[in-house]
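Engineer: Sending over a structure as structure tokens; questions will come in a sec.
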2 protein chains.
Amino acid sequence: MNKVVLGIDLGGTGVKTALVSEDKVILAQETRPTQAEQGLDVVLGNMLDSAEAVIASSGIDRANILGAGIGAPGPSNWQEGIVYSPPNLPGWKDVPLAKLMADRLGFSCFIENDANAACYGEYWMGAGQDSTNMCVLTLGTGVGGGIVTHGKLLRGIDGTAGEIGHLKVLRDGRLCGCGAHGCLESYGSVTGLTWTAREGLEAGIQSTLTEACKGDLSTLTGKMVSDAAVAGDAFANEVLDETATWLGIGISSLINIFNPEKIVLCGGMIAAGERLFKPIRESAKARSFPVPAERVEIVAGALGNDSGVLGCAGVALERATGNS
Amino acid sequence: MNKVVLGIDLGGTGVKTALVSEDKVILAQETRPTQAEQGLDVVLGNMLDSAEAVIASSGIDRANILGAGIGAPGPSNWQEGIVYSPPNLPGWKDVPLAKLMADRLGFSCFIENDANAACYGEYWMGAGQDSTNMCVLTLGTGVGGGIVTHGKLLRGIDGTAGEIGHLKVLRDGRLCGCGAHGCLESYGSVTGLTWTAREGLEAGIQSTLTEACKGDLSTLTGKMVSDAAVAGDAFANEVLDETATWLGIGISSLINIFNPEKIVLCGGMIAAGERLFKPIRESAKARSFPVPAERVEIVAGALGNDSGVLGCAGVALERATGNS
């Protein structure tokens, strides 16, 4: 009998749970509301109910479950299984989540940062399968990151590794939320993209974007820029190219550092497809050494929103079998 | 009986050889001229003679030698043990160095890039001992790099990983020898330092450096800048601080990416000591996330010019025991 692992992706709005066999077959999965605003006990109850529901619906004998990986937002102690204080889970403070869940579920539980879990999902079951070294960039409000080296998740000594969004790409550049200047996130995220658009419009560039946001530049969104670009607006297209160029600069650093088989891009922004990937690839490869530039594939994630929950299951397998 | 490993650091001018026990005791070592200008056979002969000399002087039974690691300059195929065409070894082209040496020595030989070998030396026997994740920057004419993750040398799929000098730190910055703009190497190396000094002097800044180079800015050296700084020249001190700031920017990217225990700085430039380390640490830590910034130690290499040869021995141990 194949062993199975459970993944639980704890988000601010939804709990996603999946039971996956060690040979990568999804046996059961479901999603239910987190109800974060109702506090720790209700959230724990929802996680447990969700876990029991997928176990029951799979028909799997509980004895075959190797363990559960739980993806939590924000900083955590992955070795001890403690979640510090996730910004979107009010009332949580230094919660020993791995122990709380393991006591109730009756098998080992492991905590993982949600960005790392998403990376591991793409590595284990998605676009990064069969890689030994790969990087994942999640392009949304920020630029999330995850890294696999030697076939293992790169967590670092304190579990804070993989912050690709905080590669420096421009000395004394834009002030990033992390407190530093010139981080990739300030240029290559949706936030960075709208910032670039706003700067241009404030400088007087003519564009349909001014009309799209009804003259209030603070309401400008990534979708407005993307829609305007598709409709042929020249400046909106420049903004997309500029964002892709920045992402390529950061990715070229990753190519020179990791000589990876794959760079996997995930998150809302990849909906723009080749319109974004093509200039990202051009920018990245032109700035990298020829051999690793030739080698690396810069591709879209294959798992969409399931990368996190499947990665949680993969992390459980990695850690329960002592391979982390 | 402890097993032993041989390290051979093949440089353009000297061959350094050391026999080291698996518990890190140097049993014998020596250096002799490479005689690179006399071609492949003479160089091979010198490497073999050097190996036999240290084996003989150690009194070790040959049967206890696990293998040899050979550090070669320039690009190579580390899996197959082939050295392509090192710029400072005339006449070498796709040399199957591992096999040539193994056939003559009678034990396994492994090829390693010299920058990686130096990194592994500091990891195995130097300033990075007991780290799991660490980065080495060799600050000389360029900025060399080596990285250990999960306790293993990060080589990448083609063996080109670890090019820390080619992290991008400034979009559209100085044109680097690699063909890209704004690489750390163009700012943080001795070459970058003298470039910064020259730019200032060309812009008319008053400094004793103008006199030191007798008005010919093309003859400006790192030592002139360092000496002028020690003597109290304000601009020379600014140049040192500027160089340290750039290095800190690159290192902050490494801290956010790897959450390493150690960043080890090696190479000629570290002779400047705390005068350079202090502003590097300040620049790096101010730009990094608090937890990994607090954790990381930015220290000088402990092995000096022996990091390469000792790293070669360490690599032989890693690879002969299947741990690479």
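How things are named: the first chain in the structure tokens is A, the next is B, and so on; residues count from 1 in each chain; ligands count from 1 in the order shown.
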Could you pull out the residues in range 5-81 of chain B that DSSP calls strand (DSSP E or B) from the backbone, as number ranges by chain?
Structural biologist: B: 5-10, 14-21, 26-33, 65-72, 76-77
Engineer: Could you save those same residues with C-alpha atoms as an mmCIF file, in the first residue's frame?
Structural biologist:
```cif
data_model
loop_
_atom_site.group_PDB
_atom_site.id
_atom_site.type_symbol
_atom_site.label_atom_id
_atom_site.label_comp_id
_atom_site.auth_asym_id
_atom_site.auth_seq_id
_atom_site.Cartn_x
_atom_site.Cartn_y
_atom_site.Cartn_z
ATOM 1 C CA VAL B 5 42.305 12.832 0.677
ATOM 2 C CA LEU B 6 44.569 14.721 -1.648
ATOM 3 C CA GLY B 7 43.982 18.279 -2.800
ATOM 4 C CA ILE B 8 45.689 19.712 -5.877
ATOM 5 C CA ASP B 9 45.124 23.400 -6.610
ATOM 6 C CA LEU B 10 46.222 24.011 -10.181
ATOM 7 C CA GLY B 14 51.808 27.454 -8.944
ATOM 8 C CA VAL B 15 50.587 23.943 -8.158
ATOM 9 C CA LYS B 16 49.651 23.612 -4.487
ATOM 10 C CA THR B 17 49.185 20.121 -3.114
ATOM 11 C CA ALA B 18 48.091 18.885 0.318
ATOM 12 C CA LEU B 19 47.280 15.556 1.879
ATOM 13 C CA VAL B 20 44.569 15.882 4.534
ATOM 14 C CA SER B 21 42.965 13.301 6.799
ATOM 15 C CA ILE B 26 47.001 18.437 7.196
ATOM 16 C CA LEU B 27 49.528 15.612 6.875
ATOM 17 C CA ALA B 28 51.773 17.138 4.220
ATOM 18 C CA GLN B 29 51.708 19.995 1.734
ATOM 19 C CA GLU B 30 53.906 21.682 -0.820
ATOM 20 C CA THR B 31 53.912 24.190 -3.678
ATOM 21 C CA ARG B 32 55.846 24.099 -6.916
ATOM 22 C CA PRO B 33 55.776 26.051 -10.201
ATOM 23 C CA ILE B 65 43.825 7.579 -0.017
ATOM 24 C CA LEU B 66 40.143 7.984 -0.912
ATOM 25 C CA GLY B 67 40.832 10.198 -3.905
ATOM 26 C CA ALA B 68 42.064 13.577 -5.118
ATOM 27 C CA GLY B 69 40.236 16.820 -5.785
ATOM 28 C CA ILE B 70 41.786 19.012 -8.450
ATOM 29 C CA GLY B 71 40.919 22.693 -8.558
ATOM 30 C CA ALA B 72 41.139 24.077 -12.071
ATOM 31 C CA SER B 76 34.978 22.703 -16.602
ATOM 32 C CA ASN B 77 32.643 19.740 -16.596
#
```
Engineer: Would you pick out the contacts of range 281-298 of chain B at 8 Å or less, using only C-alpha atoms, so that residues sharing its chain but fewer than 5 positions from it are not included, and give the list as a PyMOL selection string?
Structural biologist: (chain A and resi 158+160+178-181) or (chain B and resi 244-253+255-256+259-265)
Engineer: Which residues are close to Thr132 in chain B, i.e. within 7 Å by only C-alpha atoms, leaving aside same-chain residues fewer than 6 positions away? Reply as a tab-separated table (two decimals) with N, CA and C atoms, in the first residue's frame.
Structural biologist:
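Heads up, here's the output in result_11.tsv:
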```
chain	number	residue	atom	x	y	z
B	149	THR	N	24.86	25.14	0.25
B	149	THR	CA	23.51	25.02	0.81
B	149	THR	C	23.30	23.58	1.23
B	150	HIS	N	22.49	23.39	2.26
B	150	HIS	CA	22.25	22.04	2.78
B	150	HIS	C	23.57	21.32	3.06
B	151	GLY	N	24.61	22.08	3.40
B	151	GLY	CA	25.90	21.45	3.70
B	151	GLY	C	26.65	20.91	2.50
```
Engineer: Could you check the closest approach to Ser324 in chain B for each of B:Gln79, B:Thr34, B:Asn113, B:Asn237 and tell me which residue wins, using only C-alpha atoms?
Structural biologist: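 Once distances to Ser324 in chain B are computed over only C-alpha atoms, the minimum belongs to B:Gln79.
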Engineer: To one decimal in Å, tell me the separation between CA of Gly144 in chain A and CA of Asp241 in chain A.
Structural biologist: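 If I compute the distance from CA of Gly144 in chain A to CA of Asp241 in chain A, I get 20.2 Å.
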Engineer: Please, what distance in Å, to one decimal, runs between CA of Leu240 in chain B and CA of Gly162 in chain B?
Structural biologist: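 Between CA of Leu240 in chain B and CA of Gly162 in chain B the gap works out to 25.0 Å.
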Engineer: Residues near Gly74 in chain A, anyone? I mean within 10 Å using only C-alpha atoms, not counting same-chain ones fewer than 2 positions away, as a JSON list (two decimals) with N, CA and C atoms, in the first residue's frame.
Structural biologist:
```json
[["chain", "number", "residue", "atom", "x", "y", "z"],
["A", 71, "GLY", "N", 0.71, 24.74, 5.71],
["A", 71, "GLY", "CA", 1.27, 25.99, 5.21],
["A", 71, "GLY", "C", 0.64, 27.16, 5.91],
["A", 72, "ALA", "N", 1.47, 27.95, 6.58],
["A", 72, "ALA", "CA", 0.96, 29.09, 7.33],
["A", 72, "ALA", "C", 1.54, 30.38, 6.78],
["A", 76, "SER", "N", 7.36, 31.88, 10.87],
["A", 76, "SER", "CA", 7.12, 30.76, 11.77],
["A", 76, "SER", "C", 8.44, 30.06, 12.05],
["A", 83, "VAL", "N", 3.85, 29.00, 14.93],
["A", 83, "VAL", "CA", 3.47, 30.11, 14.07],
["A", 83, "VAL", "C", 3.47, 31.37, 14.93],
["A", 84, "TYR", "N", 4.24, 32.38, 14.51],
["A", 84, "TYR", "CA", 4.39, 33.56, 15.37],
["A", 84, "TYR", "C", 3.13, 34.42, 15.41],
["A", 85, "SER", "N", 2.93, 35.31, 14.46],
["A", 85, "SER", "CA", 1.72, 36.14, 14.50],
["A", 85, "SER", "C", 1.35, 36.59, 13.10],
["A", 86, "PRO", "N", 0.73, 35.69, 12.35],
["A", 86, "PRO", "CA", 0.38, 35.99, 10.95],
["A", 86, "PRO", "C", -0.52, 37.22, 10.88],
["A", 87, "PRO", "N", -0.21, 38.16, 10.01],
["A", 87, "PRO", "CA", -0.98, 39.40, 9.94],
["A", 87, "PRO", "C", -2.47, 39.17, 9.65],
["A", 88, "ASN", "N", -2.79, 38.10, 8.90],
["A", 88, "ASN", "CA", -4.20, 37.90, 8.54],
["A", 88, "ASN", "C", -4.90, 36.84, 9.39],
["A", 89, "LEU", "N", -4.33, 36.49, 10.53],
["A", 89, "LEU", "CA", -4.99, 35.58, 11.46],
["A", 89, "LEU", "C", -5.03, 36.25, 12.84],
["A", 112, "GLU", "N", 5.07, 24.90, 7.55],
["A", 112, "GLU", "CA", 5.88, 25.45, 6.46],
["A", 112, "GLU", "C", 5.36, 26.83, 6.09],
["A", 113, "ASN", "N", 6.27, 27.73, 5.80],
["A", 113, "ASN", "CA", 5.91, 29.03, 5.25],
["A", 113, "ASN", "C", 5.13, 28.84, 3.95],
["A", 114, "ASP", "N", 4.08, 29.65, 3.74],
["A", 114, "ASP", "CA", 3.20, 29.39, 2.59],
["A", 114, "ASP", "C", 3.89, 29.59, 1.24],
["A", 115, "ALA", "N", 4.81, 30.54, 1.17],
["A", 115, "ALA", "CA", 5.54, 30.74, -0.10],
["A", 115, "ALA", "C", 6.45, 29.54, -0.40]]
```
Engineer: Skipping near chain neighbours, those fewer than 2 positions away, what residues fall within 6 Å of range 266-278 of chain B using only C-alpha atoms, listed as an MDAnalysis selection string?
Structural biologist: chainID B and resid 138:140 280:281 301
Engineer: Which polymer residues have any atom within 12 Å of an atom of Gly126 in chain A, counting only C-alpha atoms, with same-chain residues fewer than 5 positions away left out, as a ChimeraX atom specification?
Structural biologist: /A:24,118-121,131,134,136,262,264-266,299-308,310-311,314
Engineer: Set the distance at 10 Å and use only C-alpha atoms: which residues neighbour Gly106 in chain A once local chain neighbours fewer than 3 positions away are removed? I'd like the list as JSON, numbers by chain.
Structural biologist: {"A": [62, 63, 65, 67, 101, 102, 103, 109]}
